[in-house]
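Everything on this sheet refers to the single structure shown next.
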Amino acid sequence: MFKLETATRVALAVLLIYAGYLVMLAGSLPREIFAPLFSEKGPFEQMSIVLWLALGSVLLFHDFRSPKVLPLALLAFVFAAREADMHKAFTVMSIEKIKFYLSPDVPVMQKLIGGLVLLSVAGLVVFLARQFYLFFVRRDGARTPVGQVLLLPVLMLPIAKVLDRGANVLKESFGIHLPATVGQFNAAFEEGMEMAIPVLFIVALLLYRASQRGEQSLPAPVLTPGKR
């Protein structure tokens, strides 16, 4: 029978409290204070960069030689770079946009380099998706504290990206402008939850390290006389 582990219940409780805090900020702060707080250059966004870098560093410190850990660390650094807007810092426009590769205004060399970067990141994602599949499906990882906590940021990532792009897609593609209040709540959850994602990954890693130490500290089985 599936049950939530204590670590998962604690993580969910903290997330709910944090979400309530974000709701309070979005609902109570005046626009002139809220806007810079949750802007692309605001403290939440900047802290996200720091936390992704911290996650990558912790992973490398954990075991930089592991073929499974190194891709995770690299992806953490990729997310840090993405939050720092590096995906459009050296090119005419964002390398994530299809228009970047179709526009005649973009130099060919930029298209080639941007495409190689995106393909490399896609390769990392595919590799890690396979590792997650093996862990959760083959090894029943969802029943472990590490797996359950790890599921939280994995599920939150696409939700955060939908919140990130949703308002712009509605405006640019359909001419729908969200009310200011809705936009404020959307920004609070997007930036706030994006900052929480690397924290949850770090918590999962710490739980994994603790479980490994626990296994190593177990006494070796003792053979009783007459048994082999």
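Naming scheme: A, B, ... for chains in displayed order of the structure tokens; residues 1 onward per chain; ligands 1 onward as shown.
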Using DSSP assignments from the backbone, pull out every residue in region 69-118 of chain A that falls under helix (DSSP H, G or I) and give it to me as a ChimeraX atom specification.
/A:69-83,86-88,98-102,108-118
Would you pick out the contacts of region 15-20 of chain A at 8 Å or less, using only C-alpha atoms, so that residues sharing its chain but fewer than 4 positions from it are not included, and give the list as a ChimeraX atom specification?
/A:11,24,189
Include N, CA and C atoms and write out the residues we just selected as a PDB file, in the first residue's frame.
ATOM      1  N   ALA A  11       7.626  18.107   3.749  1.00  0.00           N
ATOM      2  CA  ALA A  11       7.881  18.937   2.566  1.00  0.00           C
ATOM      3  C   ALA A  11       6.590  19.535   2.022  1.00  0.00           C
ATOM      4  N   MET A  24      -0.464  35.650   0.232  1.00  0.00           N
ATOM      5  CA  MET A  24      -0.563  36.847   1.068  1.00  0.00           C
ATOM      6  C   MET A  24       0.177  38.023   0.428  1.00  0.00           C
ATOM      7  N   PHE A 189       3.315  33.090  -7.876  1.00  0.00           N
ATOM      8  CA  PHE A 189       3.475  31.636  -7.866  1.00  0.00           C
ATOM      9  C   PHE A 189       4.591  31.192  -8.804  1.00  0.00           C
TER      10      PHE A 189
END
Quick check, in Å to one decimal: how far apart do CA of Leu4 (chain A) and CA of Val146 (chain A) lie?
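Separation of CA of Leu4 (chain A) and CA of Val146 (chain A): 11.1 Å.
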Here is a test: counting only C-alpha atoms, which residue of A:Phe79, A:Glu191, A:Thr6, A:Ala122 is nearest to Val162 (chain A)?
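Of all the options, A:Glu191 lies closest to Val162 (chain A).
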Using only C-alpha atoms, find each residue in region 8-49 of chain A having at least one atom no more than 8 Å away from region 194-204 of chain A; report its shortest atom-to-atom pair and that distance in Å (one decimal), rows by chain then rising number, as CSV.
residue,atom,partner,partner_atom,distance
A:Phe44,CA,A:Met195,CA,6.5
A:Glu45,CA,A:Met195,CA,7.1
A:Met47,CA,A:Met195,CA,6.7
A:Ser48,CA,A:Met195,CA,4.5
Which residues are close to Leu37 (chain A), i.e. within 12 Å by only C-alpha atoms, leaving aside same-chain residues fewer than 6 positions away? Reply as a PyMOL selection string.
chain A and resi 22+25-26+29-31+43-47+184+187-188+191-192
What would the file look like if the residues just selected were written as a short mmCIF file (atom, residue, chain, number, x, y, z; two decimals), in the first residue's frame with all heavy atoms?
data_model
loop_
_atom_site.label_atom_id
_atom_site.label_comp_id
_atom_site.auth_asym_id
_atom_site.auth_seq_id
_atom_site.Cartn_x
_atom_site.Cartn_y
_atom_site.Cartn_z
N LEU A 22 2.98 33.26 -0.36
CA LEU A 22 2.97 33.90 -1.68
C LEU A 22 1.61 34.52 -1.97
O LEU A 22 1.53 35.62 -2.55
CB LEU A 22 3.32 32.87 -2.75
CG LEU A 22 4.75 32.31 -2.73
CD1 LEU A 22 4.90 31.20 -3.76
CD2 LEU A 22 5.78 33.41 -2.97
N LEU A 25 1.38 37.75 -0.09
CA LEU A 25 2.15 38.82 -0.73
C LEU A 25 1.43 39.35 -1.97
O LEU A 25 1.34 40.56 -2.18
CB LEU A 25 3.54 38.30 -1.12
CG LEU A 25 4.52 37.99 0.02
CD1 LEU A 25 5.83 37.47 -0.55
CD2 LEU A 25 4.77 39.22 0.88
N ALA A 26 0.93 38.41 -2.78
CA ALA A 26 0.26 38.82 -4.02
C ALA A 26 -1.02 39.61 -3.74
O ALA A 26 -1.38 40.52 -4.50
CB ALA A 26 -0.06 37.60 -4.87
N LEU A 29 0.33 43.24 -1.18
CA LEU A 29 1.34 44.25 -1.54
C LEU A 29 0.83 45.17 -2.65
O LEU A 29 0.24 44.70 -3.63
CB LEU A 29 2.63 43.56 -2.01
CG LEU A 29 3.46 42.84 -0.95
CD1 LEU A 29 4.69 42.21 -1.60
CD2 LEU A 29 3.88 43.79 0.16
N PRO A 30 1.07 46.45 -2.52
CA PRO A 30 0.73 47.36 -3.62
C PRO A 30 1.61 47.10 -4.83
O PRO A 30 2.72 46.57 -4.70
CB PRO A 30 1.00 48.75 -3.03
CG PRO A 30 1.94 48.52 -1.89
CD PRO A 30 1.62 47.16 -1.35
N ARG A 31 1.11 47.48 -5.99
CA ARG A 31 1.79 47.16 -7.24
C ARG A 31 3.22 47.68 -7.28
O ARG A 31 4.12 47.00 -7.77
CB ARG A 31 0.99 47.77 -8.40
CG ARG A 31 1.54 47.47 -9.79
CD ARG A 31 1.39 46.02 -10.13
NE ARG A 31 1.97 45.69 -11.42
CZ ARG A 31 2.13 44.47 -11.88
NH1 ARG A 31 1.75 43.44 -11.14
NH2 ARG A 31 2.66 44.24 -13.05
N PRO A 43 14.47 39.86 -6.25
CA PRO A 43 15.16 38.95 -5.33
C PRO A 43 14.77 37.48 -5.48
O PRO A 43 15.60 36.60 -5.30
CB PRO A 43 14.77 39.49 -3.94
CG PRO A 43 13.57 40.34 -4.16
CD PRO A 43 13.71 40.90 -5.54
N PHE A 44 13.51 37.21 -5.81
CA PHE A 44 13.10 35.81 -5.98
C PHE A 44 13.82 35.19 -7.18
O PHE A 44 14.32 34.06 -7.11
CB PHE A 44 11.58 35.71 -6.17
CG PHE A 44 10.81 35.75 -4.89
CD1 PHE A 44 10.46 36.95 -4.30
CD2 PHE A 44 10.44 34.57 -4.25
CE1 PHE A 44 9.76 37.00 -3.11
CE2 PHE A 44 9.73 34.59 -3.05
CZ PHE A 44 9.39 35.82 -2.48
N GLU A 45 13.88 35.93 -8.27
CA GLU A 45 14.56 35.43 -9.47
C GLU A 45 16.05 35.26 -9.22
O GLU A 45 16.65 34.25 -9.60
CB GLU A 45 14.34 36.42 -10.63
CG GLU A 45 14.98 36.00 -11.94
CD GLU A 45 14.13 35.03 -12.73
OE1 GLU A 45 13.00 34.75 -12.31
OE2 GLU A 45 14.61 34.55 -13.77
N GLN A 46 16.66 36.23 -8.55
CA GLN A 46 18.09 36.16 -8.29
C GLN A 46 18.42 35.02 -7.32
O GLN A 46 19.44 34.34 -7.47
CB GLN A 46 18.59 37.50 -7.72
CG GLN A 46 18.41 38.68 -8.67
CD GLN A 46 19.05 38.44 -10.03
OE1 GLN A 46 20.22 38.11 -10.12
NE2 GLN A 46 18.27 38.61 -11.09
N MET A 47 17.55 34.81 -6.35
CA MET A 47 17.78 33.71 -5.41
C MET A 47 17.65 32.36 -6.11
O MET A 47 18.34 31.40 -5.75
CB MET A 47 16.80 33.81 -4.24
CG MET A 47 17.03 32.76 -3.15
SD MET A 47 18.72 32.78 -2.49
CE MET A 47 18.72 34.35 -1.64
N GLN A 184 -0.75 39.33 -11.00
CA GLN A 184 0.06 39.44 -9.78
C GLN A 184 0.17 38.09 -9.08
O GLN A 184 1.25 37.68 -8.64
CB GLN A 184 -0.56 40.49 -8.86
CG GLN A 184 0.39 40.99 -7.78
CD GLN A 184 0.06 42.40 -7.31
OE1 GLN A 184 0.09 43.34 -8.10
NE2 GLN A 184 -0.24 42.55 -6.03
N ALA A 187 2.43 35.83 -11.19
CA ALA A 187 3.85 36.15 -11.03
C ALA A 187 4.38 35.65 -9.69
O ALA A 187 5.51 35.14 -9.60
CB ALA A 187 4.06 37.66 -11.15
N ALA A 188 3.57 35.79 -8.65
CA ALA A 188 4.00 35.35 -7.32
C ALA A 188 4.25 33.84 -7.30
O ALA A 188 5.27 33.37 -6.78
CB ALA A 188 2.96 35.73 -6.28
N GLU A 191 7.42 32.87 -9.86
CA GLU A 191 8.74 33.17 -9.32
C GLU A 191 8.97 32.46 -7.98
O GLU A 191 10.07 31.96 -7.71
CB GLU A 191 8.92 34.68 -9.14
CG GLU A 191 8.84 35.49 -10.42
CD GLU A 191 9.99 35.19 -11.37
OE1 GLU A 191 10.99 34.59 -10.94
OE2 GLU A 191 9.88 35.53 -12.56
N GLY A 192 7.93 32.42 -7.16
CA GLY A 192 8.07 31.79 -5.85
C GLY A 192 8.31 30.30 -5.94
O GLY A 192 9.20 29.76 -5.26
#
Quick one: residues within 7 Å of Glu190 (chain A), only C-alpha atoms, excluding same-chain residues fewer than 4 positions away - as an MDAnalysis selection string?
chainID A and resid 160 163:164 186 194
Residue contacts of Phe136 (chain A) (8 Å, only C-alpha atoms) excluding same-chain residues fewer than 5 positions away, as a ChimeraX atom specification
/A:141-142,147
Limited to C-alpha atoms, could you put the picked residues into a file as a short mmCIF file (atom, residue, chain, number, x, y, z; two decimals), in the first residue's frame?
data_model
loop_
_atom_site.label_atom_id
_atom_site.label_comp_id
_atom_site.auth_asym_id
_atom_site.auth_seq_id
_atom_site.Cartn_x
_atom_site.Cartn_y
_atom_site.Cartn_z
CA GLY A 141 11.38 4.74 -6.02
CA ALA A 142 8.05 6.48 -5.41
CA GLY A 147 11.65 9.41 -4.44
#
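Residues lying within 8 Å of Leu59 (chain A), counting only C-alpha atoms and ignoring same-chain neighbours fewer than 6 positions away, are Val69, Leu70, Leu72, Ala73 and Leu205 of chain A.
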